[in-house]
Each structure stands twice: as C-alpha cells, then as structure tokens.
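Content type mmCIF, C-alpha atoms and all ligand atoms; chains and numbers go by the auth columns, from the file protein29.cif:
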data_query
#
loop_
_atom_site.group_PDB
_atom_site.id
_atom_site.type_symbol
_atom_site.label_atom_id
_atom_site.label_comp_id
_atom_site.label_asym_id
_atom_site.label_seq_id
_atom_site.Cartn_x
_atom_site.Cartn_y
_atom_site.Cartn_z
_atom_site.B_iso_or_equiv
_atom_site.auth_seq_id
_atom_site.auth_asym_id
ATOM 1 C CA MET A 1 -100.312 35.877 89.347 0.00 28 D
ATOM 2 C CA SER A 2 -97.235 35.004 91.397 0.00 29 D
ATOM 3 C CA GLY A 3 -94.263 33.295 89.795 0.00 30 D
ATOM 4 C CA THR A 4 -92.341 30.273 91.095 0.00 31 D
ATOM 5 C CA ASN A 5 -89.726 32.597 92.520 0.00 32 D
ATOM 6 C CA ASP A 6 -92.264 34.509 94.620 0.00 33 D
ATOM 7 C CA TYR A 7 -93.369 31.236 96.155 0.00 34 D
ATOM 8 C CA ALA A 8 -89.764 30.341 97.005 0.00 35 D
ATOM 9 C CA VAL A 9 -89.418 33.685 98.786 0.00 36 D
ATOM 10 C CA ARG A 10 -92.678 33.133 100.696 0.00 37 D
ATOM 11 C CA ARG A 11 -91.532 29.659 101.648 0.00 38 D
ATOM 12 C CA ARG A 12 -88.235 30.898 103.081 0.00 39 D
ATOM 13 C CA ARG A 13 -90.115 33.547 105.041 0.00 40 D
ATOM 14 C CA MET A 14 -92.560 30.888 106.307 0.00 41 D
ATOM 15 C CA VAL A 15 -89.662 28.758 107.553 0.00 42 D
ATOM 16 C CA GLN A 16 -87.940 31.700 109.259 0.00 43 D
ATOM 17 C CA GLU A 17 -90.963 33.342 110.862 0.00 44 D
ATOM 18 C CA GLN A 18 -93.264 30.404 111.631 0.00 45 D
ATOM 19 C CA ILE A 19 -90.897 27.454 112.098 0.00 46 D
ATOM 20 C CA ALA A 20 -87.312 28.444 113.018 0.00 47 D
ATOM 21 C CA ALA A 21 -88.460 31.425 115.131 0.00 48 D
ATOM 22 C CA ARG A 22 -90.590 29.028 117.209 0.00 49 D
ATOM 23 C CA GLY A 23 -87.651 26.812 118.046 0.00 50 D
ATOM 24 C CA ILE A 24 -87.411 24.106 115.365 0.00 51 D
ATOM 25 C CA ARG A 25 -83.680 23.580 114.800 0.00 52 D
ATOM 26 C CA ASP A 26 -83.401 20.446 112.600 0.00 53 D
ATOM 27 C CA GLN A 27 -81.627 21.792 109.502 0.00 54 D
ATOM 28 C CA ARG A 28 -82.775 18.928 107.254 0.00 55 D
ATOM 29 C CA LEU A 29 -86.379 19.615 108.206 0.00 56 D
ATOM 30 C CA LEU A 30 -86.015 23.375 107.675 0.00 57 D
ATOM 31 C CA ALA A 31 -84.414 22.723 104.268 0.00 58 D
ATOM 32 C CA ALA A 32 -87.196 20.322 103.249 0.00 59 D
ATOM 33 C CA MET A 33 -89.850 22.878 104.171 0.00 60 D
ATOM 34 C CA SER A 34 -87.956 25.602 102.289 0.00 61 D
ATOM 35 C CA ASP A 35 -87.797 23.438 99.173 0.00 62 D
ATOM 36 C CA ILE A 36 -91.134 21.620 98.892 0.00 63 D
ATOM 37 C CA PRO A 37 -93.736 23.728 97.048 0.00 64 D
ATOM 38 C CA ARG A 38 -96.612 23.562 99.550 0.00 65 D
ATOM 39 C CA HIS A 39 -98.957 25.532 97.255 0.00 66 D
ATOM 40 C CA LEU A 40 -99.008 22.685 94.712 0.00 67 D
ATOM 41 C CA PHE A 41 -100.809 20.496 97.271 0.00 68 D
ATOM 42 C CA MET A 42 -103.841 22.846 97.224 0.00 69 D
ATOM 43 C CA ASP A 43 -106.388 24.118 94.726 0.00 70 D
ATOM 44 C CA GLN A 44 -104.982 26.930 92.648 0.00 71 D
ATOM 45 C CA ALA A 45 -107.468 29.392 94.161 0.00 72 D
ATOM 46 C CA LEU A 46 -105.666 28.946 97.504 0.00 73 D
ATOM 47 C CA TRP A 47 -102.119 29.361 96.197 0.00 74 D
ATOM 48 C CA PRO A 48 -101.863 33.009 97.341 0.00 75 D
ATOM 49 C CA ARG A 49 -102.616 31.817 100.908 0.00 76 D
ATOM 50 C CA ALA A 50 -100.550 28.629 100.847 0.00 77 D
ATOM 51 C CA TYR A 51 -97.767 29.919 103.127 0.00 78 D
ATOM 52 C CA GLU A 52 -100.002 31.427 105.813 0.00 79 D
ATOM 53 C CA ASP A 53 -99.785 30.349 109.451 0.00 80 D
ATOM 54 C CA HIS A 54 -102.882 28.089 109.616 0.00 81 D
ATOM 55 C CA PRO A 55 -104.568 25.020 108.111 0.00 82 D
ATOM 56 C CA LEU A 56 -106.457 25.363 104.805 0.00 83 D
ATOM 57 C CA PRO A 57 -109.273 23.336 103.208 0.00 84 D
ATOM 58 C CA ILE A 58 -108.379 20.581 100.723 0.00 85 D
ATOM 59 C CA GLY A 59 -111.911 19.387 99.920 0.00 86 D
ATOM 60 C CA SER A 60 -114.002 16.493 101.282 0.00 87 D
ATOM 61 C CA GLY A 61 -114.231 18.404 104.592 0.00 88 D
ATOM 62 C CA GLN A 62 -110.503 17.870 105.299 0.00 89 D
ATOM 63 C CA THR A 63 -107.584 20.276 105.780 0.00 90 D
ATOM 64 C CA ILE A 64 -103.886 20.589 105.025 0.00 91 D
ATOM 65 C CA SER A 65 -102.186 21.041 108.404 0.00 92 D
ATOM 66 C CA GLN A 66 -100.668 24.346 109.539 0.00 93 D
ATOM 67 C CA PRO A 67 -96.974 24.480 108.496 0.00 94 D
ATOM 68 C CA TYR A 68 -95.825 24.764 112.126 0.00 95 D
ATOM 69 C CA MET A 69 -97.819 21.653 113.107 0.00 96 D
ATOM 70 C CA VAL A 70 -96.207 19.722 110.232 0.00 97 D
ATOM 71 C CA ALA A 71 -92.825 20.859 111.555 0.00 98 D
ATOM 72 C CA VAL A 72 -93.552 19.971 115.203 0.00 99 D
ATOM 73 C CA MET A 73 -94.843 16.500 114.366 0.00 100 D
ATOM 74 C CA THR A 74 -92.026 15.735 111.933 0.00 101 D
ATOM 75 C CA ASP A 75 -89.430 17.029 114.387 0.00 102 D
ATOM 76 C CA ALA A 76 -90.884 14.767 117.085 0.00 103 D
ATOM 77 C CA LEU A 77 -90.277 11.725 114.861 0.00 104 D
ATOM 78 C CA GLY A 78 -86.514 12.446 114.951 0.00 105 D
ATOM 79 C CA LEU A 79 -85.816 11.221 111.403 0.00 106 D
ATOM 80 C CA SER A 80 -82.196 10.821 110.309 0.00 107 D
ATOM 81 C CA GLY A 81 -82.634 9.337 106.826 0.00 108 D
ATOM 82 C CA GLY A 82 -82.851 5.556 107.059 0.00 109 D
ATOM 83 C CA GLU A 83 -86.334 5.126 108.516 0.00 110 D
ATOM 84 C CA ARG A 84 -89.410 3.333 107.268 0.00 111 D
ATOM 85 C CA VAL A 85 -92.287 5.649 108.140 0.00 112 D
ATOM 86 C CA LEU A 86 -96.048 5.078 108.306 0.00 113 D
ATOM 87 C CA GLU A 87 -98.390 8.057 107.920 0.00 114 D
ATOM 88 C CA ILE A 88 -102.112 7.870 108.694 0.00 115 D
ATOM 89 C CA GLY A 89 -104.074 10.565 106.817 0.00 116 D
ATOM 90 C CA THR A 90 -102.313 11.346 103.509 0.00 117 D
ATOM 91 C CA GLY A 91 -104.718 14.234 102.886 0.00 118 D
ATOM 92 C CA SER A 92 -103.046 16.642 100.457 0.00 119 D
ATOM 93 C CA GLY A 93 -99.776 14.667 100.478 0.00 120 D
ATOM 94 C CA TYR A 94 -97.755 17.650 101.759 0.00 121 D
ATOM 95 C CA GLN A 95 -96.696 15.980 105.014 0.00 122 D
ATOM 96 C CA THR A 96 -95.964 12.836 102.982 0.00 123 D
ATOM 97 C CA ALA A 97 -93.573 14.812 100.765 0.00 124 D
ATOM 98 C CA ILE A 98 -91.718 16.222 103.789 0.00 125 D
ATOM 99 C CA LEU A 99 -91.384 12.741 105.313 0.00 126 D
ATOM 100 C CA ALA A 100 -90.151 11.323 101.997 0.00 127 D
ATOM 101 C CA ARG A 101 -87.343 13.882 101.958 0.00 128 D
ATOM 102 C CA LEU A 102 -86.236 12.995 105.488 0.00 129 D
ATOM 103 C CA ALA A 103 -86.629 9.207 105.616 0.00 130 D
ATOM 104 C CA ASP A 104 -85.927 6.178 103.434 0.00 131 D
ATOM 105 C CA TRP A 105 -89.487 5.115 102.643 0.00 132 D
ATOM 106 C CA VAL A 106 -92.970 6.382 103.490 0.00 133 D
ATOM 107 C CA TYR A 107 -96.156 4.305 103.603 0.00 134 D
ATOM 108 C CA SER A 108 -99.223 6.532 103.766 0.00 135 D
ATOM 109 C CA ILE A 109 -102.878 5.573 104.204 0.00 136 D
ATOM 110 C CA GLU A 110 -105.856 7.823 103.346 0.00 137 D
ATOM 111 C CA TYR A 111 -109.522 7.012 103.897 0.00 138 D
ATOM 112 C CA ILE A 112 -110.853 9.219 101.079 0.00 139 D
ATOM 113 C CA ALA A 113 -109.910 7.877 97.639 0.00 140 D
ATOM 114 C CA ALA A 114 -110.205 11.245 95.831 0.00 141 D
ATOM 115 C CA LEU A 115 -107.650 12.837 98.190 0.00 142 D
ATOM 116 C CA SER A 116 -105.238 9.927 97.827 0.00 143 D
ATOM 117 C CA ARG A 117 -105.431 10.111 94.036 0.00 144 D
ATOM 118 C CA ARG A 118 -104.726 13.824 94.001 0.00 145 D
ATOM 119 C CA ALA A 119 -101.829 13.438 96.448 0.00 146 D
ATOM 120 C CA GLN A 120 -100.359 10.698 94.242 0.00 147 D
ATOM 121 C CA THR A 121 -100.484 12.991 91.192 0.00 148 D
ATOM 122 C CA VAL A 122 -98.684 15.852 92.952 0.00 149 D
ATOM 123 C CA LEU A 123 -96.037 13.566 94.458 0.00 150 D
ATOM 124 C CA GLU A 124 -95.323 12.118 90.996 0.00 151 D
ATOM 125 C CA GLN A 125 -95.097 15.632 89.514 0.00 152 D
ATOM 126 C CA LEU A 126 -92.463 16.421 92.133 0.00 153 D
ATOM 127 C CA LYS A 127 -90.651 13.140 91.328 0.00 154 D
ATOM 128 C CA ILE A 128 -91.078 11.852 94.863 0.00 155 D
ATOM 129 C CA PHE A 129 -91.073 8.092 94.368 0.00 156 D
ATOM 130 C CA ASN A 130 -90.089 6.638 97.773 0.00 157 D
ATOM 131 C CA VAL A 131 -93.728 6.528 98.899 0.00 158 D
ATOM 132 C CA ASN A 132 -96.500 3.909 98.814 0.00 159 D
ATOM 133 C CA LEU A 133 -100.025 5.321 99.102 0.00 160 D
ATOM 134 C CA MET A 134 -102.980 3.165 100.073 0.00 161 D
ATOM 135 C CA VAL A 135 -106.707 3.901 100.369 0.00 162 D
ATOM 136 C CA GLY A 136 -108.270 2.409 103.491 0.00 163 D
ATOM 137 C CA ASP A 137 -108.642 2.564 107.271 0.00 164 D
ATOM 138 C CA GLY A 138 -105.265 3.625 108.626 0.00 165 D
ATOM 139 C CA SER A 139 -106.394 3.355 112.257 0.00 166 D
ATOM 140 C CA LYS A 140 -105.512 -0.347 111.875 0.00 167 D
ATOM 141 C CA GLY A 141 -102.069 0.499 110.531 0.00 168 D
ATOM 142 C CA TRP A 142 -100.428 -1.452 107.688 0.00 169 D
ATOM 143 C CA PRO A 143 -99.553 -4.854 109.235 0.00 170 D
ATOM 144 C CA GLU A 144 -98.047 -6.281 106.022 0.00 171 D
ATOM 145 C CA GLN A 145 -95.365 -3.563 106.027 0.00 172 D
ATOM 146 C CA ALA A 146 -94.724 -3.394 109.810 0.00 173 D
ATOM 147 C CA PRO A 147 -92.642 -2.759 111.831 0.00 174 D
ATOM 148 C CA PHE A 148 -92.060 0.972 111.360 0.00 175 D
ATOM 149 C CA ASP A 149 -89.367 3.209 112.835 0.00 176 D
ATOM 150 C CA ALA A 150 -91.786 6.122 112.929 0.00 177 D
ATOM 151 C CA ILE A 151 -95.585 6.441 112.741 0.00 178 D
ATOM 152 C CA ILE A 152 -97.429 9.756 112.391 0.00 179 D
ATOM 153 C CA VAL A 153 -101.187 10.224 112.664 0.00 180 D
ATOM 154 C CA THR A 154 -102.426 13.492 111.136 0.00 181 D
ATOM 155 C CA ALA A 155 -106.016 13.203 112.433 0.00 182 D
ATOM 156 C CA GLY A 156 -107.355 13.356 116.005 0.00 183 D
ATOM 157 C CA ALA A 157 -108.005 9.988 117.710 0.00 184 D
ATOM 158 C CA PRO A 158 -110.296 9.312 120.708 0.00 185 D
ATOM 159 C CA VAL A 159 -107.655 6.965 122.176 0.00 186 D
ATOM 160 C CA VAL A 160 -104.223 5.781 121.023 0.00 187 D
ATOM 161 C CA PRO A 161 -104.958 3.207 118.280 0.00 188 D
ATOM 162 C CA GLN A 162 -103.438 0.005 119.710 0.00 189 D
ATOM 163 C CA PRO A 163 -102.581 -1.591 116.332 0.00 190 D
ATOM 164 C CA LEU A 164 -100.235 1.341 115.661 0.00 191 D
ATOM 165 C CA VAL A 165 -98.402 0.786 118.950 0.00 192 D
ATOM 166 C CA GLY A 166 -98.076 -2.868 117.976 0.00 193 D
ATOM 167 C CA GLN A 167 -96.504 -1.939 114.625 0.00 194 D
ATOM 168 C CA LEU A 168 -93.678 0.141 116.162 0.00 195 D
ATOM 169 C CA ALA A 169 -90.143 -1.223 115.831 0.00 196 D
ATOM 170 C CA ASP A 170 -87.946 -1.294 118.940 0.00 197 D
ATOM 171 C CA GLY A 171 -86.907 2.340 119.449 0.00 198 D
ATOM 172 C CA GLY A 172 -89.753 3.421 117.144 0.00 199 D
ATOM 173 C CA ARG A 173 -91.736 6.637 117.701 0.00 200 D
ATOM 174 C CA LEU A 174 -95.500 7.163 117.296 0.00 201 D
ATOM 175 C CA VAL A 175 -96.754 10.763 117.142 0.00 202 D
ATOM 176 C CA VAL A 176 -100.529 11.018 117.509 0.00 203 D
ATOM 177 C CA PRO A 177 -103.116 13.643 118.549 0.00 204 D
ATOM 178 C CA VAL A 178 -105.465 12.144 121.166 0.00 205 D
ATOM 179 C CA GLY A 179 -108.487 13.718 122.842 0.00 206 D
ATOM 180 C CA ASP A 180 -111.937 15.107 122.220 0.00 207 D
ATOM 181 C CA ARG A 181 -113.336 16.034 118.824 0.00 208 D
ATOM 182 C CA GLY A 182 -111.845 19.408 117.895 0.00 209 D
ATOM 183 C CA VAL A 183 -109.178 19.608 120.616 0.00 210 D
ATOM 184 C CA GLN A 184 -106.475 17.103 121.404 0.00 211 D
ATOM 185 C CA THR A 185 -103.087 16.617 123.027 0.00 212 D
ATOM 186 C CA LEU A 186 -100.171 15.623 120.837 0.00 213 D
ATOM 187 C CA PHE A 187 -98.423 12.538 122.248 0.00 214 D
ATOM 188 C CA ARG A 188 -95.172 10.842 121.369 0.00 215 D
ATOM 189 C CA ILE A 189 -95.010 7.180 122.302 0.00 216 D
ATOM 190 C CA THR A 190 -91.583 5.537 122.077 0.00 217 D
ATOM 191 C CA ARG A 191 -91.120 1.774 122.236 0.00 218 D
ATOM 192 C CA ARG A 192 -88.128 0.613 124.291 0.00 219 D
ATOM 193 C CA GLY A 193 -88.345 -3.176 124.209 0.00 220 D
ATOM 194 C CA GLU A 194 -91.541 -4.046 126.049 0.00 221 D
ATOM 195 C CA GLU A 195 -91.706 -0.598 127.655 0.00 222 D
ATOM 196 C CA LEU A 196 -93.647 2.329 126.154 0.00 223 D
ATOM 197 C CA VAL A 197 -92.587 5.877 127.009 0.00 224 D
ATOM 198 C CA ARG A 198 -95.328 8.481 126.592 0.00 225 D
ATOM 199 C CA GLU A 199 -94.589 12.224 126.304 0.00 226 D
ATOM 200 C CA ASP A 200 -97.044 15.130 126.123 0.00 227 D
ATOM 201 C CA LEU A 201 -96.067 17.543 123.322 0.00 228 D
ATOM 202 C CA GLY A 202 -98.866 20.075 123.855 0.00 229 D
ATOM 203 C CA GLY A 203 -102.311 21.000 122.609 0.00 230 D
ATOM 204 C CA CYS A 204 -103.497 20.771 119.002 0.00 231 D
ATOM 205 C CA ARG A 205 -106.582 20.685 116.767 0.00 232 D
ATOM 206 C CA PHE A 206 -107.109 18.080 114.065 0.00 233 D
ATOM 207 C CA VAL A 207 -109.984 16.732 112.005 0.00 234 D
ATOM 208 C CA ASP A 208 -111.385 13.381 113.184 0.00 235 D
ATOM 209 C CA LEU A 209 -109.587 10.103 112.763 0.00 236 D
ATOM 210 C CA VAL A 210 -112.352 7.778 111.578 0.00 237 D
ATOM 211 C CA GLY A 211 -112.355 3.991 111.219 0.00 238 D
ATOM 212 C CA GLU A 212 -112.217 1.035 113.589 0.00 239 D
ATOM 213 C CA TYR A 213 -109.882 2.664 116.133 0.00 240 D
ATOM 214 C CA GLY A 214 -111.083 6.221 115.448 0.00 241 D
ATOM 215 C CA TRP A 215 -114.386 8.039 115.930 0.00 242 D
HETATM 216 N N1 LIG B . -101.271 15.388 106.504 0.00 301 S
HETATM 217 C C1 LIG B . -102.433 15.872 105.837 0.00 301 S
HETATM 218 C C2 LIG B . -103.553 16.059 106.826 0.00 301 S
HETATM 219 C C3 LIG B . -104.876 15.878 106.226 0.00 301 S
HETATM 220 S S1 LIG B . -106.216 15.981 107.383 0.00 301 S
HETATM 221 C C4 LIG B . -102.138 17.197 105.156 0.00 301 S
HETATM 222 O O1 LIG B . -101.419 18.013 105.742 0.00 301 S
HETATM 223 O O2 LIG B . -102.631 17.417 104.069 0.00 301 S
HETATM 224 C C5 LIG B . -106.323 14.328 107.972 0.00 301 S
HETATM 225 C C6 LIG B . -106.617 13.271 106.956 0.00 301 S
HETATM 226 O O3 LIG B . -106.812 12.043 107.642 0.00 301 S
HETATM 227 C C7 LIG B . -107.876 13.502 106.129 0.00 301 S
HETATM 228 O O4 LIG B . -107.539 13.509 104.773 0.00 301 S
HETATM 229 C C8 LIG B . -108.768 12.308 106.480 0.00 301 S
HETATM 230 O O5 LIG B . -109.529 11.836 105.397 0.00 301 S
HETATM 231 C C9 LIG B . -107.737 11.275 106.916 0.00 301 S
HETATM 232 N N2 LIG B . -108.226 10.194 107.770 0.00 301 S
HETATM 233 C C10 LIG B . -109.088 10.270 108.812 0.00 301 S
HETATM 234 N N3 LIG B . -109.263 9.054 109.360 0.00 301 S
HETATM 235 C C11 LIG B . -108.506 8.188 108.636 0.00 301 S
HETATM 236 C C12 LIG B . -108.266 6.764 108.706 0.00 301 S
HETATM 237 N N4 LIG B . -108.865 5.991 109.628 0.00 301 S
HETATM 238 N N5 LIG B . -107.418 6.231 107.818 0.00 301 S
HETATM 239 C C13 LIG B . -106.806 6.989 106.879 0.00 301 S
HETATM 240 N N6 LIG B . -106.994 8.315 106.766 0.00 301 S
HETATM 241 C C14 LIG B . -107.832 8.913 107.628 0.00 301 S
#

Show me this structure written as structure tokens.
Ligand code: SAH
Amino acid sequence: MSGTNDYAVRRRRMVQEQIAARGIRDQRLLAAMSDIPRHLFMDQALWPRAYEDHPLPIGSGQTISQPYMVAVMTDALGLSGGERVLEIGTGSGYQTAILARLADWVYSIEYIAALSRRAQTVLEQLKIFNVNLMVGDGSKGWPEQAPFDAIIVTAGAPVVPQPLVGQLADGGRLVVPVGDRGVQTLFRITRRGEELVREDLGGCRFVDLVGEYGW
C-alpha cells in the first residue's frame, strides 16, 4: 500500500514527464497538477495506476481523462484567476478541481447523477468550495449563470453545441472536442464581439457528449 508521500512523488513525476516535457509552461497549471491528488477521484483499486499516461474508467461507462489532455484543455482556456468557468462533463471531478484552483468559480454539469454525487464528495473532502455542480444536460449550457469567461467540454460532440457559443462572454474561450464517435478534433472558439475565432488544437479521443446538442 502506497503512502500519501509516494503519491506526491508520482504526481511530480507525472507533471515533469507527461506535462512539462510536452511543452506545457503555465506554472500555475503545473503547480495545480502537482498538488491535486488525482488518485482520490478514482476507485481505490485504481490508485496504483492513477498517475499513468492514459484515461482510466470511473464507472457508468465513463473515463477520467488522461492527465496530458486535462493539461492541454486547461492551458487552452488561458485562466488567470478571475474567471467564471463552465465545465460540461464533471465525471470524476478531477478536471473540476484543477479549474477551481485556477479560476474564481466553476459551474460543472454532469449527466449521470451517481458520478456527480461522488465528485461532490471528493471535492468537499479536498475543501474545494468554489464550485457548483448540477445534474442535467450540459449540451444546453447553464443559461441562468451565463455568460462565462471559459467553457470546457470534456466529452466528444458531433458539432459545436450552439448554446455554449451563445453563453460565452466577450473575449471568452470555448474548448470542445468535435468529430466522429471515438475520434475528434479539439477546437478553441474565442468570442471577439460578434466575431468567433476558431482554432484547431489537434486530435483527441473522448467519450460521447449526449443530450440535445450531443449524440
Ligand atoms: N472531466 C471528466 C471527464 C469525464 S468523461 C474527468 O476527467 O473525470 C465525460 C463525462 O461527460 C462523462 O461523465 C459523461 O457522463 C458526461 N457527459 C456526457 N454528455 C453530457 C451532457 N450532455 N451533459 C453533462 N455531462 C455529460
């Protein structure tokens, strides 16, 4: 059985070898990923594998994203501390915890109630309180709390969900995987007034975004 200290060592190694070595430079992000105990967001049976370089199952047919993918998506949001962030796909709550460290407030929507409940428990254990979790269809966004400075979708969408674009603040960034089932392209869409700037951030693989604007 590994102790807390062993996990801290594994986490630092994960950040060096999987994240920093691949070009992520944001020191706040690297610090957050060094600090937040990723293993606690999984079943105990998976703790020995929690810092490996790939996604892992979290139940209900869903996965916790690969650490590097969490880093790439978070980096693309360009958070500096004051943002209101919307996350679609709470899942384990790990990405939520990273966002909460880097922004002012995180709203996170999860379709599967059991996952949301478990994420809530872990976030409370870690005393992360600047988050609001909701169970429901996040493909429609969270209109009551809009606009958002940053929106992140952690499931693959067939097309960019238009309600999310509509809930971006001026200057706001939406990071979303779009494409076929099982293989997508990661896009960043930035709102500049009425103009939308779309950038291709590379290939990725996510579980399906379901709901009205999903599969
Ligand atoms: N960020 C999470 C990723 C979980 S996988 C983590 O690293 O743990 C993606 C999650 O999106 C799944 O939990 C799935 O249930 C959820 N999801 C899929 N479609 C959704 C929708 N329309 N609204 C909210 N959550 C959705």

**Message:** Expand the PyMOL selection byres (((not hetatm)) within 6 of (chain S and resi 301)) into the explicit residue set it covers here, and present it as a VMD selection string.
**Reply:** chain D and resid 89 to 92 115 to 122 136 to 139 163 to 166 181 to 182 234 to 238

**Message:** I'd like the interatomic distance between atom CA of Leu113 of chain D and atom CA of Ala177 of chain D, to a tenth of an Å.
**Reply:** 6.4 Å

**Request:** Could you tell me how far atom CA of Gly229 of chain D lies from atom CA of Gln211 of chain D, in Å and to one decimal?
**Result:** 8.5 Å

**Message:** Evaluate the PyMOL selection byres (((chain D and resi 124) around 12) and not hetatm) against this structure - the residues, as number ranges by chain, please.
**Reply:** D: 56, 59-60, 62-65, 67-68, 97, 101, 112, 114, 117-123, 125-135, 146-160

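Counting from atom CA of Ala184 of chain D, the distance to atom CA of Gly206 of chain D is 6.4 Å.
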